[in-house]
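Novice: This is final-v2.txt, which holds compact mmCIF, C-alpha atoms:
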```txt
# COMPACT_ATOMS: atom_id res chain seq x y z
CA MET P 11 3.66 26.01 77.21
CA ARG P 12 6.90 27.68 76.17
CA PHE P 13 9.48 26.61 73.59
CA CYS P 14 13.15 26.08 74.34
CA ILE P 15 15.95 24.18 72.67
CA SER P 16 18.35 21.58 73.99
CA GLU P 17 22.06 21.96 73.36
CA ALA P 18 21.97 18.31 72.30
CA SER P 19 20.37 19.61 69.08
CA THR P 20 23.60 21.44 68.19
CA MET P 21 26.15 19.21 69.86
CA PRO P 22 29.32 20.32 67.99
CA ALA P 23 28.85 23.96 69.06
CA THR P 24 30.21 25.37 72.30
CA PHE P 25 28.12 26.64 75.20
CA ARG P 26 28.81 30.27 74.26
CA GLU P 27 27.98 29.65 70.61
CA ASP P 28 24.70 28.04 71.55
CA VAL P 29 23.70 30.92 73.81
CA GLU P 30 24.53 33.55 71.20
CA GLU P 31 22.93 31.80 68.26
CA TYR P 32 19.80 30.66 70.06
CA ALA P 33 19.31 34.26 71.19
CA ALA P 34 19.80 35.49 67.61
CA ALA P 35 17.10 33.05 66.49
CA GLY P 36 14.65 34.43 69.03
CA CYS P 37 14.72 31.47 71.43
CA GLN P 38 14.37 32.65 74.98
CA GLY P 39 14.97 29.31 76.70
CA MET P 40 17.83 26.82 76.58
CA GLU P 41 18.23 23.31 77.99
CA VAL P 42 21.87 23.05 79.07
CA TRP P 43 24.09 20.12 78.24
CA PHE P 44 26.19 19.88 81.40
CA THR P 45 29.41 18.90 79.65
CA LYS P 46 29.31 22.03 77.48
CA LEU P 47 28.78 24.25 80.50
CA GLU P 48 31.57 22.51 82.42
CA THR P 49 33.93 22.90 79.44
CA ALA P 50 33.09 26.61 79.17
CA LEU P 51 33.99 27.03 82.84
CA GLU P 52 37.52 25.81 82.11
CA SER P 53 38.25 29.10 80.32
CA SER P 54 35.77 31.51 81.95
CA SER P 55 34.84 32.29 85.51
CA ALA P 56 31.37 31.28 86.60
CA ALA P 57 30.48 34.93 87.23
CA ASP P 58 31.60 36.04 83.77
CA LEU P 59 29.74 33.18 82.11
CA ARG P 60 26.56 33.92 84.03
CA LYS P 61 26.74 37.59 83.01
CA PHE P 62 27.26 36.54 79.39
CA VAL P 63 24.07 34.46 79.51
CA GLU P 64 22.15 37.28 81.18
CA ASP P 65 23.35 39.78 78.56
CA GLN P 66 22.04 37.53 75.80
CA GLN P 67 18.67 37.39 77.59
CA VAL P 68 18.53 33.61 77.39
CA LYS P 69 17.02 31.69 80.29
CA LEU P 70 18.69 28.40 81.29
CA VAL P 71 15.57 26.36 82.00
CA ALA P 72 16.95 22.86 82.62
CA ALA P 73 20.19 20.87 82.46
CA GLY P 74 21.03 17.23 81.85
CA TYR P 75 21.80 14.53 82.21
CA GLN P 76 22.77 12.96 85.54
CA GLY P 77 22.86 9.19 85.85
CA GLY P 78 24.08 6.60 88.31
CA LEU P 79 22.03 7.78 91.26
CA LEU P 80 19.40 5.08 91.64
CA LEU P 81 21.05 1.66 91.67
CA SER P 82 24.78 2.21 92.20
CA GLN P 83 26.30 1.07 95.49
CA GLY P 84 29.43 1.56 97.59
CA GLU P 85 32.25 3.67 96.19
CA GLN P 86 30.54 4.00 92.83
CA ARG P 87 27.47 5.48 94.51
CA ARG P 88 29.58 7.96 96.48
CA ASN P 89 31.27 9.08 93.27
CA HIS P 90 27.96 9.56 91.48
CA PHE P 91 26.50 11.58 94.33
CA ASP P 92 29.65 13.74 94.56
CA HIS P 93 29.28 14.46 90.83
CA PHE P 94 25.60 15.16 91.37
CA ARG P 95 26.34 17.64 94.15
CA ARG P 96 28.78 19.56 91.94
CA ARG P 97 26.10 19.82 89.28
CA LEU P 98 23.56 20.99 91.83
CA ASP P 99 26.03 23.76 92.67
CA LEU P 100 26.05 24.75 88.99
CA CYS P 101 22.28 24.74 88.83
CA GLN P 102 22.03 26.96 91.88
CA PHE P 103 24.66 29.43 90.67
CA PHE P 104 23.25 29.74 87.14
CA GLY P 105 19.64 29.72 88.26
CA ILE P 106 18.78 26.47 86.48
CA PRO P 107 15.56 25.25 88.11
CA THR P 108 15.37 21.70 86.73
CA LEU P 109 17.96 18.91 86.58
CA LEU P 110 17.22 15.94 84.32
CA ILE P 111 18.13 12.51 85.66
CA VAL P 112 18.06 9.06 84.07
CA ALA P 113 17.80 5.62 85.60
CA ASP P 114 20.86 3.39 85.70
CA PHE P 115 21.34 1.02 82.78
CA VAL P 116 21.02 -2.59 84.01
CA GLN P 117 20.17 -5.94 82.47
CA LYS P 118 17.33 -6.45 84.93
CA VAL P 119 16.15 -5.18 88.28
CA ASP P 120 14.54 -7.18 91.10
CA ALA P 121 12.29 -6.08 93.97
CA ALA P 122 15.29 -5.19 96.14
CA GLY P 123 16.70 -3.08 93.33
CA MET P 124 13.40 -1.23 92.94
CA GLU P 125 13.34 -0.45 96.64
CA ARG P 126 16.95 0.76 96.50
CA ALA P 127 16.06 2.98 93.53
CA ILE P 128 13.18 4.54 95.44
CA VAL P 129 15.35 5.25 98.50
CA SER P 130 18.10 6.74 96.34
CA LEU P 131 15.64 8.84 94.36
CA ARG P 132 14.20 10.19 97.59
CA GLN P 133 17.67 11.07 98.87
CA ALA P 134 18.64 12.73 95.58
CA ALA P 135 15.47 14.84 95.68
CA GLN P 136 16.19 15.90 99.25
CA TRP P 137 19.68 16.99 98.23
CA ALA P 138 18.28 18.90 95.24
CA ALA P 139 15.70 20.63 97.41
CA GLY P 140 18.52 22.20 99.39
CA PHE P 141 19.69 23.87 96.17
CA GLY P 142 16.21 24.91 95.06
CA VAL P 143 16.24 22.41 92.19
CA THR P 144 13.53 20.13 90.82
CA LEU P 145 14.57 16.68 89.56
CA ALA P 146 12.95 15.41 86.36
CA LEU P 147 13.21 11.64 85.92
CA GLU P 148 13.29 10.45 82.31
CA PHE P 149 11.95 7.07 81.26
CA ARG P 150 13.80 5.58 78.28
CA GLY P 151 11.88 3.34 75.94
CA ALA P 152 14.60 0.82 75.09
CA ASP P 153 15.93 0.33 78.62
CA THR P 154 15.12 -2.64 80.84
CA PHE P 155 14.56 -0.42 83.89
CA CYS P 156 12.25 2.62 83.91
CA SER P 157 11.28 2.27 80.25
CA SER P 158 7.71 3.53 80.60
CA LEU P 159 5.88 6.57 81.87
CA GLU P 160 3.95 4.31 84.25
CA THR P 161 7.13 3.05 85.94
CA ALA P 162 8.60 6.54 86.21
CA LEU P 163 5.42 7.79 87.88
CA SER P 164 5.42 4.81 90.25
CA LEU P 165 8.98 5.58 91.34
CA LEU P 166 8.08 9.22 91.93
CA THR P 167 4.97 8.33 93.91
CA HIS P 168 6.85 5.95 96.20
CA ALA P 169 9.73 8.42 96.68
CA GLY P 170 7.15 10.99 97.74
CA GLU P 171 9.20 14.19 97.43
CA PRO P 172 7.53 17.41 96.18
CA ASN P 173 10.45 18.45 93.95
CA LEU P 174 10.31 15.27 91.86
CA GLY P 175 8.65 15.06 88.46
CA VAL P 176 8.75 13.30 85.11
CA ASN P 177 10.80 14.35 82.13
CA PHE P 178 8.43 13.40 79.31
CA ASP P 179 10.44 12.76 76.13
CA VAL P 180 8.12 12.10 73.19
CA PHE P 181 10.77 9.92 71.50
CA HIS P 182 10.92 7.51 74.45
CA TYR P 183 7.15 7.60 74.80
CA TYR P 184 6.87 6.24 71.24
CA LYS P 185 9.90 3.95 71.51
CA GLY P 186 8.77 2.15 74.65
CA PRO P 187 5.68 0.50 76.13
CA SER P 188 3.91 3.65 77.34
CA LYS P 189 0.25 4.11 76.39
CA PHE P 190 -1.86 7.18 75.60
CA GLU P 191 -4.02 6.49 78.65
CA ASP P 192 -0.89 6.79 80.83
CA LEU P 193 -1.03 10.52 80.14
CA ASP P 194 -4.10 10.70 82.36
CA ARG P 195 -1.82 10.15 85.36
CA LEU P 196 0.15 13.30 84.62
CA SER P 197 -0.58 16.54 86.41
CA ARG P 198 0.79 20.00 86.99
CA GLU P 199 2.50 18.59 90.08
CA ASN P 200 4.26 15.53 88.61
CA LEU P 201 5.19 16.70 85.09
CA ALA P 202 8.44 18.63 85.38
CA PHE P 203 9.72 18.92 81.80
CA VAL P 204 8.90 17.94 78.22
CA GLN P 205 11.10 17.16 75.21
CA ILE P 206 9.89 16.86 71.63
CA CYS P 207 11.10 15.68 68.24
CA ASP P 208 9.72 13.56 65.44
CA VAL P 209 10.76 10.43 63.51
CA SER P 210 9.82 9.52 59.96
CA GLY P 211 9.54 6.10 58.31
CA VAL P 212 11.50 4.13 60.91
CA PRO P 213 9.91 1.21 62.82
CA ARG P 214 9.80 1.86 66.54
CA GLU P 215 11.81 -1.28 67.30
CA ILE P 216 14.87 0.04 65.48
CA MET P 217 14.52 3.81 65.65
CA SER P 218 17.40 5.49 67.44
CA ASP P 219 18.20 8.96 68.73
CA SER P 220 19.96 9.78 65.46
CA ASP P 221 16.61 9.43 63.66
CA ARG P 222 15.17 12.45 65.48
CA ILE P 223 13.93 15.23 63.20
CA LEU P 224 11.95 18.46 63.52
CA PRO P 225 8.44 18.20 64.97
CA GLY P 226 5.83 17.91 62.24
CA ASP P 227 8.20 16.34 59.69
CA GLY P 228 7.57 12.76 60.82
CA ASP P 229 5.03 10.23 61.99
CA PHE P 230 4.47 11.17 65.64
CA HIS P 231 1.03 12.47 66.58
CA LEU P 232 2.36 15.42 68.52
CA ALA P 233 -0.64 17.76 68.58
CA PRO P 234 -2.90 15.32 70.49
CA ILE P 235 -0.10 14.58 72.97
CA LEU P 236 0.72 18.22 73.65
CA GLY P 237 -2.98 19.00 73.81
CA LYS P 238 -3.36 16.31 76.44
CA LEU P 239 -0.41 17.66 78.45
CA ARG P 240 -1.86 21.14 78.30
CA ASN P 241 -5.22 19.83 79.49
CA ARG P 242 -3.47 18.07 82.36
CA GLY P 243 -2.24 21.49 83.50
CA TYR P 244 1.28 21.64 82.08
CA GLU P 245 2.38 25.22 81.39
CA GLY P 246 6.15 24.75 81.47
CA TRP P 247 8.95 24.50 78.94
CA VAL P 248 8.96 22.15 75.95
CA SER P 249 12.46 21.46 74.67
CA LEU P 250 13.48 20.56 71.12
CA GLU P 251 15.97 17.67 71.45
CA LEU P 252 17.52 16.45 68.19
CA TRP P 253 20.30 13.87 68.52
CA ASN P 254 20.79 13.88 64.76
CA PRO P 255 24.36 14.14 63.34
CA VAL P 256 22.98 15.44 60.03
CA ILE P 257 21.18 18.29 61.80
CA TRP P 258 24.34 18.95 63.82
CA GLN P 259 26.05 20.05 60.58
CA SER P 260 23.80 23.14 60.43
CA PRO P 261 24.61 26.37 62.31
CA PRO P 262 22.93 26.55 65.73
CA GLN P 263 21.00 29.68 64.76
CA GLN P 264 19.49 27.89 61.77
CA VAL P 265 18.52 24.84 63.85
CA ALA P 266 16.91 27.11 66.42
CA GLU P 267 15.04 29.13 63.79
CA PHE P 268 13.69 26.00 62.09
CA GLY P 269 12.80 24.54 65.47
CA LEU P 270 10.92 27.65 66.55
CA ALA P 271 9.01 27.73 63.25
CA ALA P 272 8.09 24.04 63.66
CA TRP P 273 6.93 24.74 67.21
CA ASN P 274 4.70 27.61 66.08
CA ARG P 275 3.08 25.38 63.46
CA LEU P 276 2.57 22.66 66.05
CA MET P 277 0.94 25.09 68.48
CA GLU P 278 -1.48 26.17 65.75
CA ALA P 279 -2.50 22.50 65.37
CA VAL P 280 -2.85 22.08 69.14
CA GLN P 281 -5.11 25.10 69.39
CA ALA P 282 -7.20 24.23 66.32
```
Let me see the structure of the file written as structure tokens.
Specialist:
Amino acid sequence: MRFCISEASTMPATFREDVEEYAAAGCQGMEVWFTKLETALESSSAADLRKFVEDQQVKLVAAGYQGGLLLSQGEQRRNHFDHFRRRLDLCQFFGIPTLLIVADFVQKVDAAGMERAIVSLRQAAQWAAGFGVTLALEFRGADTFCSSLETALSLLTHAGEPNLGVNFDVFHYYKGPSKFEDLDRLSRENLAFVQICDVSGVPREIMSDSDRILPGDGDFHLAPILGKLRNRGYEGWVSLELWNPVIWQSPPQQVAEFGLAAWNRLMEAVQA
């Protein structure tokens, strides 16, 4: 497994600042926040920006997030898929292999809605395949639809496309109804991306993204989870995602350095 850092961990910084400072910290991989990349393209050509990233020797390993694809209908659905196609273009041009998607936020979903989600997920994957992109579906613990690893895997299985996988976010794993035994259903083929963080002293019912802290500083049992993912065959990127406004006040290089140090300590525990 390889460490990377999400631009969500340093949200106030620009795309260029993130690339430069992550590189200075020794991070070789970056999870792109689409809005930052799209903003950077307002003042730079795509070719110039791609060369800048290449010169910094940072690999853009994933990008997120894209929503609205699974349950939207009519004009709204067309708009979401048009937006999705533009982002697939970006992934292809910048060599980003994985696009993170999230399920639509709804109060509830019935059997017809589940079937519509499966059909839409299959279509989205087929579009992505034409751009050489893998889609990683994230389950979100507090949502009413696709809140567990089990549900995300069920959607992927029924969609049946080879470039579909799970985005496994440890925060949502702890926040929602997923179980440790659910990890046994993961494999090299269906686990597309992993995100880590920690939370300290906050009950799961009320913990929020802003409670995310560095791995190893909180209550999550990360070493057994990552050990399990490794044993299930995962050898891909693991992204540090910290939606914490307090951490955002630190320079991106410092966040990346602390994150990389926390990752190295965590890997020592995994291998012990």
Novice: Could you list, as a ChimeraX atom specification, every residue within 7 Å of range 267-277 of chain P, counting all atoms listed in the file and ignoring same-chain residues fewer than 5 positions away?
Specialist: /P:35,224-226,233,250
Novice: Could you jot down the CA of Cys101 in chain P to CA of Thr24 in chain P separation for me, Å, one decimal place?
Specialist: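 So the answer is 18.3 Å.
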Novice: For Ser16 in chain P, which of P:Leu100, P:Ala152, P:Cys37, P:Ile235 is the closest residue, counting only C-alpha atoms?
Specialist: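 The closest residue to Ser16 in chain P is P:Cys37.
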Novice: Between P:Leu47, P:Leu196, P:Val71, P:Val180, which one has atoms that come closest to Asp229 in chain P, using only C-alpha atoms?
Specialist: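 That would be P:Val180, the residue with the smallest distance to Asp229 in chain P.
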Novice: Considering only C-alpha atoms, can you say which of P:Ala135, P:Ala282, P:Leu201, P:Cys156 comes closest to His182 in chain P?
Specialist: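 The shortest atom-to-atom distance to His182 in chain P comes from P:Cys156.
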Novice: Find the distance between CA of Phe181 in chain P and CA of Phe155 in chain P and write it in Å to one decimal.
Specialist: 16.6 Å
Novice: Give me, please, the distance in Å between CA of Glu278 in chain P and CA of Phe13 in chain P, quoted to one decimal.
Specialist: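 Computed distance, CA of Glu278 in chain P to CA of Phe13 in chain P, equals 13.5 Å.
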Novice: Here's a test: counting all atoms listed in the file, identify every protein, DNA and RNA residue with an atom at most 10 Å from (22.0, 31.2, 75.7) in the file's coordinate frame, and state them as a PyMOL selection string.
Specialist: chain P and resi 15+17+25-34+37-42+60+62-70
Novice: Take the residues that were just selected and, keeping C-alpha atoms, output them as a short mmCIF file (atom, residue, chain, number, x, y, z; two decimals), in the frame of the given file.
Specialist:
```cif
data_model
loop_
_atom_site.label_atom_id
_atom_site.label_comp_id
_atom_site.auth_asym_id
_atom_site.auth_seq_id
_atom_site.Cartn_x
_atom_site.Cartn_y
_atom_site.Cartn_z
CA ILE P 15 15.95 24.18 72.67
CA GLU P 17 22.06 21.96 73.36
CA PHE P 25 28.12 26.64 75.20
CA ARG P 26 28.81 30.27 74.26
CA GLU P 27 27.98 29.65 70.61
CA ASP P 28 24.70 28.04 71.55
CA VAL P 29 23.70 30.92 73.81
CA GLU P 30 24.53 33.55 71.20
CA GLU P 31 22.93 31.80 68.26
CA TYR P 32 19.80 30.66 70.06
CA ALA P 33 19.31 34.26 71.19
CA ALA P 34 19.80 35.49 67.61
CA CYS P 37 14.72 31.47 71.43
CA GLN P 38 14.37 32.65 74.98
CA GLY P 39 14.97 29.31 76.70
CA MET P 40 17.83 26.82 76.58
CA GLU P 41 18.23 23.31 77.99
CA VAL P 42 21.87 23.05 79.07
CA ARG P 60 26.56 33.92 84.03
CA PHE P 62 27.26 36.54 79.39
CA VAL P 63 24.07 34.46 79.51
CA GLU P 64 22.15 37.28 81.18
CA ASP P 65 23.35 39.78 78.56
CA GLN P 66 22.04 37.53 75.80
CA GLN P 67 18.67 37.39 77.59
CA VAL P 68 18.53 33.61 77.39
CA LYS P 69 17.02 31.69 80.29
CA LEU P 70 18.69 28.40 81.29
#
```
